[in-house]
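Everything below concerns the one structure shown next.
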Amino acid sequence: MNKLMYKLLMVLIVVVSTHQASFGQTLSPSARVSLITYGPGDDDISSAFGHTEIRFVDPALGMDQDYSYGGFDYRADYFILKFLRGTLPYFVDVHNLNQVAYYYQQTNRSIREQQLNLSPTQRQRLFDALQKNYRPENREYRYKFYYDNCASRPRDMIVEACGDSLLIPSRDRMTGKSYRDWMNDYLNERPWYQLGMNLAIGWPANEQTDGWRAMYLPDQVHDQFNKATVRQSNGQLIPLVQSDQTLFAAQKTFRQQVPIFFDPDVVFTILGIIIAVFTIRRYVTYGKVDRWFDRFLFGICGFMGWFLVLLWAIRDDGVTGWNPTLLFLMPLHLPLIYWATGPTATARRRTMYFGITALLLVISMFLSKIPGGVDIVFPLTLLVRCIVNMQPVRQGRQTPMRVA
């Protein structure tokens with residue numbers, strides 16, 4: 001019995017010691033903290049905006065570890081659904097910089113390190129807060145693209161550790177850009193990703209940002225911290241960033257451009273011309289408007305519209321709400337296109353449907369904020385179909401027109 005109690009006591013001591021070593025360490029005076037900023041990559045969409053981590057180095061403790069708020073599990077149950085809903089859990093990860101540096105070098109992504117001028121008290125406060133976040137019960141958080149992500153979390157942790165002593169002069173200064181504008185700066189060389197994300201996000205993405213909101217991007221955290229100052233206990237203001245060095249400089253390469261005939265603007269322009277020529281030729285030459293084609297074209301628009309409505313309904317961060325894209329990808333096209341072009345459809349019903357659709361298409365061209373010309377070209381393509389459907393047949397000058 002005594003031996004059993006002794007063993008249990010030893011196990012308890014080991015567990016408590018390990019817990020204290022993990023979560024109750026006191027940094028030495030030689031400890032230093034820095035902000036690591038990884039440049040954008042082109043291996044997948046999750047790397048397109050870069051990444052931010054907080055690094056602690058303490059030679060006295062043999063510590064060199066990075067805290068990252070960018071972890072997520074590709075193998076999570078219902079991964080796609082959670083990703084679309086914005087409920088995919090992200091988590092805090094801890095690793096050594098040398099463990100990941102090779103990956104960033106191989107993918108040609110820059111690595112910059114800003115050593116921060118924090119007092120011993122601020123360093124310890126930040127370290128304790130990060131360790132607390134790393135506990136299993138606190139590790140996960142709800143990722144929100146613009147508002148709570150792997151760049152804004154490290155920013156918030158540093159700001160909280162510094163308190164009122166930290167001054168970021170650009171914090172309340174308007175940038176002249178919206179959330180959408182900042183996003184598109186990083187997607188200009190990925191036109192299909194850019195188009196897809198701009199179709200999916202709604203009016204909240206057009207909100208103008210100040211310096212604080214712009215720091216949802218790692219580069220903005222880096223740049224604005226370079227201009228920040230921190231007040232010492234004696235009242236003296238010193239730069240927040242003690243040194244800024246590039247650990248790895250990405251090689252300047254000529255990025256592979258999307259072939260011109262695969263650029264979305266070109267694809268939708270060619271598609272629009274083909275549809276317009278087909279439509280006008282069928283009407284002028286044969287006096288026909290093809291019912292099957294309207295069902296196919298507006299049916300696809302309706303299907304995509306219902307998908308956007310679903311995104312609006314299931315996401316809890318609000319960025320997919322109030323989407324003007326729904327004016328030309330109107331979900332009610334499915335099933336109303338069958339109601340307007342069915343065998344029993346009257347000219348009045350057809351004119352009402354295509355007339356309202358035409359009005360919505362015109363409004364959408366004024367409200368849409370999608371870069372490029374897709375949000376103009378595609379509505380114009382649909383508008384051609386609307387106009388022809390509202391015209392009388394050439395022979396007899398009466399509706400309903402002949403349909404194929």
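By convention in this document, the chains of the structure tokens carry letters A, B, ... by their order, each chain's residues are numbered from 1, and ligands are numbered from 1 in the order they are shown.
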
- Message: Give me, as JSON, numbers by chain, the residues of range 48-281 of chain A that a backbone DSSP run labels strand (DSSP E or B).
- Response: {"A": [51, 52, 53, 54, 55, 56, 57, 58, 63, 64, 65, 66, 67, 68, 69, 70, 71, 89, 90, 91, 92, 93, 94, 95, 111, 112, 113, 114, 115, 116, 140, 141, 142, 144, 148, 166, 167, 174, 175, 176, 177, 178, 208, 209, 210, 229, 230, 231, 237, 238, 239, 241, 242, 243, 244, 245, 246, 247, 248]}

- Which polymer residues have any atom within 9 Å of an atom of Tyr134 in chain A, counting only C-alpha atoms, with same-chain residues fewer than 2 positions away left out, as a ChimeraX atom specification? /A:67,91-94,129-132,136-140

Grab the residues selected above and save them as an mmCIF file, in the first residue's frame with C-alpha atoms.
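File part.cif, as written:
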data_model
loop_
_atom_site.group_PDB
_atom_site.id
_atom_site.type_symbol
_atom_site.label_atom_id
_atom_site.label_comp_id
_atom_site.auth_asym_id
_atom_site.auth_seq_id
_atom_site.Cartn_x
_atom_site.Cartn_y
_atom_site.Cartn_z
ATOM 1 C CA TYR A 67 2.683 30.434 -32.020
ATOM 2 C CA PHE A 91 -6.596 26.244 -33.691
ATOM 3 C CA VAL A 92 -3.381 27.486 -32.149
ATOM 4 C CA ASP A 93 -0.322 25.526 -33.182
ATOM 5 C CA VAL A 94 3.189 25.681 -31.720
ATOM 6 C CA ALA A 129 -1.594 34.520 -22.674
ATOM 7 C CA LEU A 130 -0.330 32.470 -25.629
ATOM 8 C CA GLN A 131 0.306 29.478 -23.396
ATOM 9 C CA LYS A 132 -3.199 29.798 -22.013
ATOM 10 C CA PRO A 136 -6.505 22.004 -25.314
ATOM 11 C CA GLU A 137 -9.690 23.552 -23.943
ATOM 12 C CA ASN A 138 -8.802 26.981 -25.385
ATOM 13 C CA ARG A 139 -6.984 26.012 -28.547
ATOM 14 C CA GLU A 140 -9.814 26.214 -31.068
#

- Can you list, as a PyMOL selection string, every protein, DNA or RNA residue that comes within 9 Å of range 267-283 of chain A when you count only C-alpha atoms, leaving out same-chain residues fewer than 3 positions away? chain A and resi 260-264+286-290+373-374+377-378+380-382+384-385+388+393-394

Suppose we keep N, CA and C atoms; can you now write the selection as a PDB file, in the first residue's frame?
ATOM      1  N   ILE A 260      -4.690  33.883 -72.239  1.00  0.00           N
ATOM      2  CA  ILE A 260      -5.703  34.901 -72.478  1.00  0.00           C
ATOM      3  C   ILE A 260      -7.084  34.305 -72.755  1.00  0.00           C
ATOM      4  N   PHE A 261      -7.132  33.154 -73.426  1.00  0.00           N
ATOM      5  CA  PHE A 261      -8.433  32.576 -73.757  1.00  0.00           C
ATOM      6  C   PHE A 261      -9.058  31.847 -72.566  1.00  0.00           C
ATOM      7  N   PHE A 262      -8.322  31.764 -71.443  1.00  0.00           N
ATOM      8  CA  PHE A 262      -8.873  31.179 -70.224  1.00  0.00           C
ATOM      9  C   PHE A 262      -9.121  32.233 -69.155  1.00  0.00           C
ATOM     10  N   ASP A 263      -8.838  33.490 -69.484  1.00  0.00           N
ATOM     11  CA  ASP A 263      -9.146  34.567 -68.560  1.00  0.00           C
ATOM     12  C   ASP A 263     -10.667  34.726 -68.493  1.00  0.00           C
ATOM     13  N   PRO A 264     -11.233  34.857 -67.285  1.00  0.00           N
ATOM     14  CA  PRO A 264     -12.704  34.915 -67.187  1.00  0.00           C
ATOM     15  C   PRO A 264     -13.334  36.044 -67.985  1.00  0.00           C
ATOM     16  N   TYR A 286     -35.267  33.328 -88.612  1.00  0.00           N
ATOM     17  CA  TYR A 286     -36.354  32.357 -88.525  1.00  0.00           C
ATOM     18  C   TYR A 286     -37.545  32.857 -87.706  1.00  0.00           C
ATOM     19  N   GLY A 287     -37.396  34.017 -87.065  1.00  0.00           N
ATOM     20  CA  GLY A 287     -38.479  34.521 -86.227  1.00  0.00           C
ATOM     21  C   GLY A 287     -38.736  33.666 -85.001  1.00  0.00           C
ATOM     22  N   LYS A 288     -37.672  33.004 -84.486  1.00  0.00           N
ATOM     23  CA  LYS A 288     -37.817  32.074 -83.369  1.00  0.00           C
ATOM     24  C   LYS A 288     -37.024  32.536 -82.143  1.00  0.00           C
ATOM     25  N   VAL A 289     -37.553  32.185 -80.995  1.00  0.00           N
ATOM     26  CA  VAL A 289     -36.830  32.322 -79.726  1.00  0.00           C
ATOM     27  C   VAL A 289     -36.848  30.941 -79.080  1.00  0.00           C
ATOM     28  N   ASP A 290     -35.665  30.410 -78.818  1.00  0.00           N
ATOM     29  CA  ASP A 290     -35.553  29.015 -78.384  1.00  0.00           C
ATOM     30  C   ASP A 290     -35.857  28.873 -76.890  1.00  0.00           C
ATOM     31  N   GLY A 373     -14.758  42.607 -66.067  1.00  0.00           N
ATOM     32  CA  GLY A 373     -15.986  42.946 -66.783  1.00  0.00           C
ATOM     33  C   GLY A 373     -17.058  41.898 -66.749  1.00  0.00           C
ATOM     34  N   VAL A 374     -16.864  40.827 -65.972  1.00  0.00           N
ATOM     35  CA  VAL A 374     -17.841  39.742 -65.971  1.00  0.00           C
ATOM     36  C   VAL A 374     -19.203  40.222 -65.491  1.00  0.00           C
ATOM     37  N   VAL A 377     -20.577  42.067 -68.633  1.00  0.00           N
ATOM     38  CA  VAL A 377     -20.752  41.271 -69.850  1.00  0.00           C
ATOM     39  C   VAL A 377     -21.845  40.222 -69.686  1.00  0.00           C
ATOM     40  N   PHE A 378     -21.829  39.501 -68.553  1.00  0.00           N
ATOM     41  CA  PHE A 378     -22.807  38.427 -68.396  1.00  0.00           C
ATOM     42  C   PHE A 378     -24.231  38.973 -68.249  1.00  0.00           C
ATOM     43  N   LEU A 380     -25.342  41.671 -69.574  1.00  0.00           N
ATOM     44  CA  LEU A 380     -25.698  42.113 -70.923  1.00  0.00           C
ATOM     45  C   LEU A 380     -26.110  40.928 -71.795  1.00  0.00           C
ATOM     46  N   THR A 381     -25.426  39.801 -71.607  1.00  0.00           N
ATOM     47  CA  THR A 381     -25.779  38.591 -72.355  1.00  0.00           C
ATOM     48  C   THR A 381     -27.196  38.153 -72.018  1.00  0.00           C
ATOM     49  N   LEU A 382     -27.513  38.151 -70.728  1.00  0.00           N
ATOM     50  CA  LEU A 382     -28.861  37.790 -70.314  1.00  0.00           C
ATOM     51  C   LEU A 382     -29.876  38.827 -70.798  1.00  0.00           C
ATOM     52  N   VAL A 384     -29.852  40.479 -73.574  1.00  0.00           N
ATOM     53  CA  VAL A 384     -30.176  40.189 -74.980  1.00  0.00           C
ATOM     54  C   VAL A 384     -31.314  39.180 -75.048  1.00  0.00           C
ATOM     55  N   ARG A 385     -31.210  38.129 -74.226  1.00  0.00           N
ATOM     56  CA  ARG A 385     -32.278  37.132 -74.223  1.00  0.00           C
ATOM     57  C   ARG A 385     -33.598  37.724 -73.743  1.00  0.00           C
ATOM     58  N   VAL A 388     -35.159  39.985 -76.612  1.00  0.00           N
ATOM     59  CA  VAL A 388     -35.711  39.187 -77.707  1.00  0.00           C
ATOM     60  C   VAL A 388     -37.007  38.502 -77.271  1.00  0.00           C
ATOM     61  N   VAL A 393     -43.121  38.397 -82.972  1.00  0.00           N
ATOM     62  CA  VAL A 393     -42.543  37.727 -84.138  1.00  0.00           C
ATOM     63  C   VAL A 393     -42.596  38.677 -85.319  1.00  0.00           C
ATOM     64  N   ARG A 394     -41.674  38.475 -86.249  1.00  0.00           N
ATOM     65  CA  ARG A 394     -41.582  39.396 -87.388  1.00  0.00           C
ATOM     66  C   ARG A 394     -42.808  39.299 -88.281  1.00  0.00           C
TER      67      ARG A 394
END

- Secondary structure check, helix (DSSP H, G or I) residues of range 22-135 of chain A, as a VMD selection string: chain A and resid 22 to 23 45 to 47 59 to 61 79 to 85 97 to 106 120 to 134

- Query: Expressed in Å to a single decimal, how great is the separation between CA of Gln242 in chain A and CA of Gln220 in chain A?
  - Reply: 17.7 Å

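Candidate residues A:His95, A:Lys369, A:Ala249, A:Ser170 were compared for distance to Lys227 in chain A, and the nearest is A:Ser170, using only C-alpha atoms.
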
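If you count only C-alpha atoms and ignore residues fewer than 5 places along the chain from Asp181 in chain A, what sits within 10 Å of it is Gly176, Tyr186, Leu187, Ala205, Asn206, Glu207, Gln208, Thr209, Lys369, Ile370 and Pro371 of chain A.
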
Pull C-alpha atoms from the residues just selected and write them as a PDB file, in the first residue's frame.
ATOM      1  CA  GLY A 176      -9.175  54.465 -48.871  1.00  0.00           C
ATOM      2  CA  TYR A 186      -3.783  39.628 -53.571  1.00  0.00           C
ATOM      3  CA  LEU A 187      -5.906  37.861 -56.182  1.00  0.00           C
ATOM      4  CA  ALA A 205     -17.096  43.440 -48.016  1.00  0.00           C
ATOM      5  CA  ASN A 206     -17.441  46.945 -49.444  1.00  0.00           C
ATOM      6  CA  GLU A 207     -17.046  48.557 -46.019  1.00  0.00           C
ATOM      7  CA  GLN A 208     -14.183  51.034 -46.027  1.00  0.00           C
ATOM      8  CA  THR A 209     -11.333  50.076 -43.728  1.00  0.00           C
ATOM      9  CA  LYS A 369     -18.267  45.677 -57.353  1.00  0.00           C
ATOM     10  CA  ILE A 370     -16.621  42.714 -59.083  1.00  0.00           C
ATOM     11  CA  PRO A 371     -13.290  43.641 -60.748  1.00  0.00           C
TER      12      PRO A 371
END

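All residues of protein, DNA or RNA that reach within 9 Å of Ser152 in chain A, judged by only C-alpha atoms and not counting those fewer than 2 positions away in the chain, are Thr52, Tyr146, Tyr147, Asp148, Asn149, Cys150, Pro154, Arg155, Asp156, Met157, Arg213, Met215, Tyr216, Leu217, Pro218 and Val221 of chain A.
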
Would you mind exporting the chosen residues as a PDB file, in the first residue's frame, restricted to C-alpha atoms?
ATOM      1  CA  THR A  52       1.605  35.740 -39.230  1.00  0.00           C
ATOM      2  CA  TYR A 146     -12.099  39.590 -42.418  1.00  0.00           C
ATOM      3  CA  TYR A 147     -12.618  39.896 -38.695  1.00  0.00           C
ATOM      4  CA  ASP A 148     -10.844  37.147 -36.743  1.00  0.00           C
ATOM      5  CA  ASN A 149      -8.052  35.261 -38.450  1.00  0.00           C
ATOM      6  CA  CYS A 150      -4.427  34.151 -38.284  1.00  0.00           C
ATOM      7  CA  PRO A 154      -1.463  37.736 -33.080  1.00  0.00           C
ATOM      8  CA  ARG A 155      -2.089  41.477 -33.442  1.00  0.00           C
ATOM      9  CA  ASP A 156      -4.731  41.336 -30.709  1.00  0.00           C
ATOM     10  CA  MET A 157      -2.505  39.309 -28.391  1.00  0.00           C
ATOM     11  CA  ARG A 213      -9.475  46.708 -39.969  1.00  0.00           C
ATOM     12  CA  MET A 215      -4.740  44.412 -40.361  1.00  0.00           C
ATOM     13  CA  TYR A 216      -6.704  41.320 -41.244  1.00  0.00           C
ATOM     14  CA  LEU A 217      -3.825  40.936 -43.700  1.00  0.00           C
ATOM     15  CA  PRO A 218      -0.366  39.837 -42.463  1.00  0.00           C
ATOM     16  CA  VAL A 221       0.196  43.961 -39.464  1.00  0.00           C
TER      17      VAL A 221
END

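In this model, the gap between CA of Gly321 in chain A and CA of Ile201 in chain A comes to 7.1 Å.
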
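For the atom pair formed by CA of Gly318 in chain A and CA of Arg173 in chain A, the distance is 24.0 Å, given to one decimal.
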
- Which neighbours of range 340-352 of chain A fall inside 8 Å, counting only C-alpha atoms, when residues of the same chain fewer than 3 positions from it are skipped, and could you give them as a PyMOL selection string? chain A and resi 291+295+336-337+355-356+389-390+399-400

What would the file look like if the residues just selected were written as a PDB file, in the first residue's frame with N, CA, C and O atoms?
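Saved as selection_9.pdb:
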ATOM      1  N   ARG A 291     -36.975  28.190 -76.627  1.00  0.00           N
ATOM      2  CA  ARG A 291     -37.393  27.984 -75.246  1.00  0.00           C
ATOM      3  C   ARG A 291     -36.380  27.160 -74.473  1.00  0.00           C
ATOM      4  O   ARG A 291     -36.064  27.462 -73.314  1.00  0.00           O
ATOM      5  N   ARG A 295     -34.389  28.121 -70.855  1.00  0.00           N
ATOM      6  CA  ARG A 295     -34.474  27.262 -69.677  1.00  0.00           C
ATOM      7  C   ARG A 295     -33.074  26.841 -69.210  1.00  0.00           C
ATOM      8  O   ARG A 295     -32.810  26.808 -67.993  1.00  0.00           O
ATOM      9  N   LEU A 336     -39.013  29.901 -62.037  1.00  0.00           N
ATOM     10  CA  LEU A 336     -39.873  30.815 -62.783  1.00  0.00           C
ATOM     11  C   LEU A 336     -39.644  30.776 -64.281  1.00  0.00           C
ATOM     12  O   LEU A 336     -40.541  31.117 -65.056  1.00  0.00           O
ATOM     13  N   ILE A 337     -38.414  30.396 -64.705  1.00  0.00           N
ATOM     14  CA  ILE A 337     -38.176  30.339 -66.147  1.00  0.00           C
ATOM     15  C   ILE A 337     -39.105  29.314 -66.814  1.00  0.00           C
ATOM     16  O   ILE A 337     -39.550  29.510 -67.954  1.00  0.00           O
ATOM     17  N   GLY A 355     -39.351  41.264 -68.449  1.00  0.00           N
ATOM     18  CA  GLY A 355     -39.239  42.700 -68.185  1.00  0.00           C
ATOM     19  C   GLY A 355     -38.649  42.972 -66.804  1.00  0.00           C
ATOM     20  O   GLY A 355     -37.756  43.815 -66.650  1.00  0.00           O
ATOM     21  N   ILE A 356     -39.159  42.269 -65.806  1.00  0.00           N
ATOM     22  CA  ILE A 356     -38.619  42.432 -64.443  1.00  0.00           C
ATOM     23  C   ILE A 356     -37.170  41.970 -64.398  1.00  0.00           C
ATOM     24  O   ILE A 356     -36.312  42.612 -63.769  1.00  0.00           O
ATOM     25  N   ASN A 389     -37.045  38.040 -76.031  1.00  0.00           N
ATOM     26  CA  ASN A 389     -38.253  37.369 -75.555  1.00  0.00           C
ATOM     27  C   ASN A 389     -39.437  38.308 -75.435  1.00  0.00           C
ATOM     28  O   ASN A 389     -40.589  37.863 -75.427  1.00  0.00           O
ATOM     29  N   MET A 390     -39.173  39.609 -75.332  1.00  0.00           N
ATOM     30  CA  MET A 390     -40.266  40.566 -75.230  1.00  0.00           C
ATOM     31  C   MET A 390     -40.678  41.128 -76.590  1.00  0.00           C
ATOM     32  O   MET A 390     -41.576  41.962 -76.664  1.00  0.00           O
ATOM     33  N   THR A 399     -47.635  38.677 -80.235  1.00  0.00           N
ATOM     34  CA  THR A 399     -47.113  37.696 -79.274  1.00  0.00           C
ATOM     35  C   THR A 399     -48.258  36.731 -78.916  1.00  0.00           C
ATOM     36  O   THR A 399     -49.423  37.076 -79.028  1.00  0.00           O
ATOM     37  N   PRO A 400     -47.948  35.518 -78.515  1.00  0.00           N
ATOM     38  CA  PRO A 400     -46.610  35.032 -78.265  1.00  0.00           C
ATOM     39  C   PRO A 400     -45.832  34.708 -79.546  1.00  0.00           C
ATOM     40  O   PRO A 400     -46.422  34.377 -80.552  1.00  0.00           O
TER      41      PRO A 400
END

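Closest to Asn108 in chain A among A:Gly163, A:Pro379, A:Gly41, A:Pro324 is A:Gly41, based on only C-alpha atoms.
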
- Message: Measuring between only C-alpha atoms, which one of A:Ile300, A:Met174, A:Leu118, A:Val319 shows the shortest distance to Ile238 in chain A?
- Response: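 Closest residue, counting only C-alpha atoms: A:Leu118.
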
- Considering only C-alpha atoms, state which residue in the set A:Pro89, A:Leu199, A:Arg112, A:Ala101 is at the smallest distance from Val309 in chain A.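 Looking at the shortest contact to Val309 in chain A, the residue is A:Leu199.
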
- Message: I want to know what sits within 8 Å of Arg180 in chain A, based on only C-alpha atoms, with residues of the same chain fewer than 2 positions away left out; could you give that as number ranges by chain?
- Response: A: 177-178, 182-184, 198, 205-206
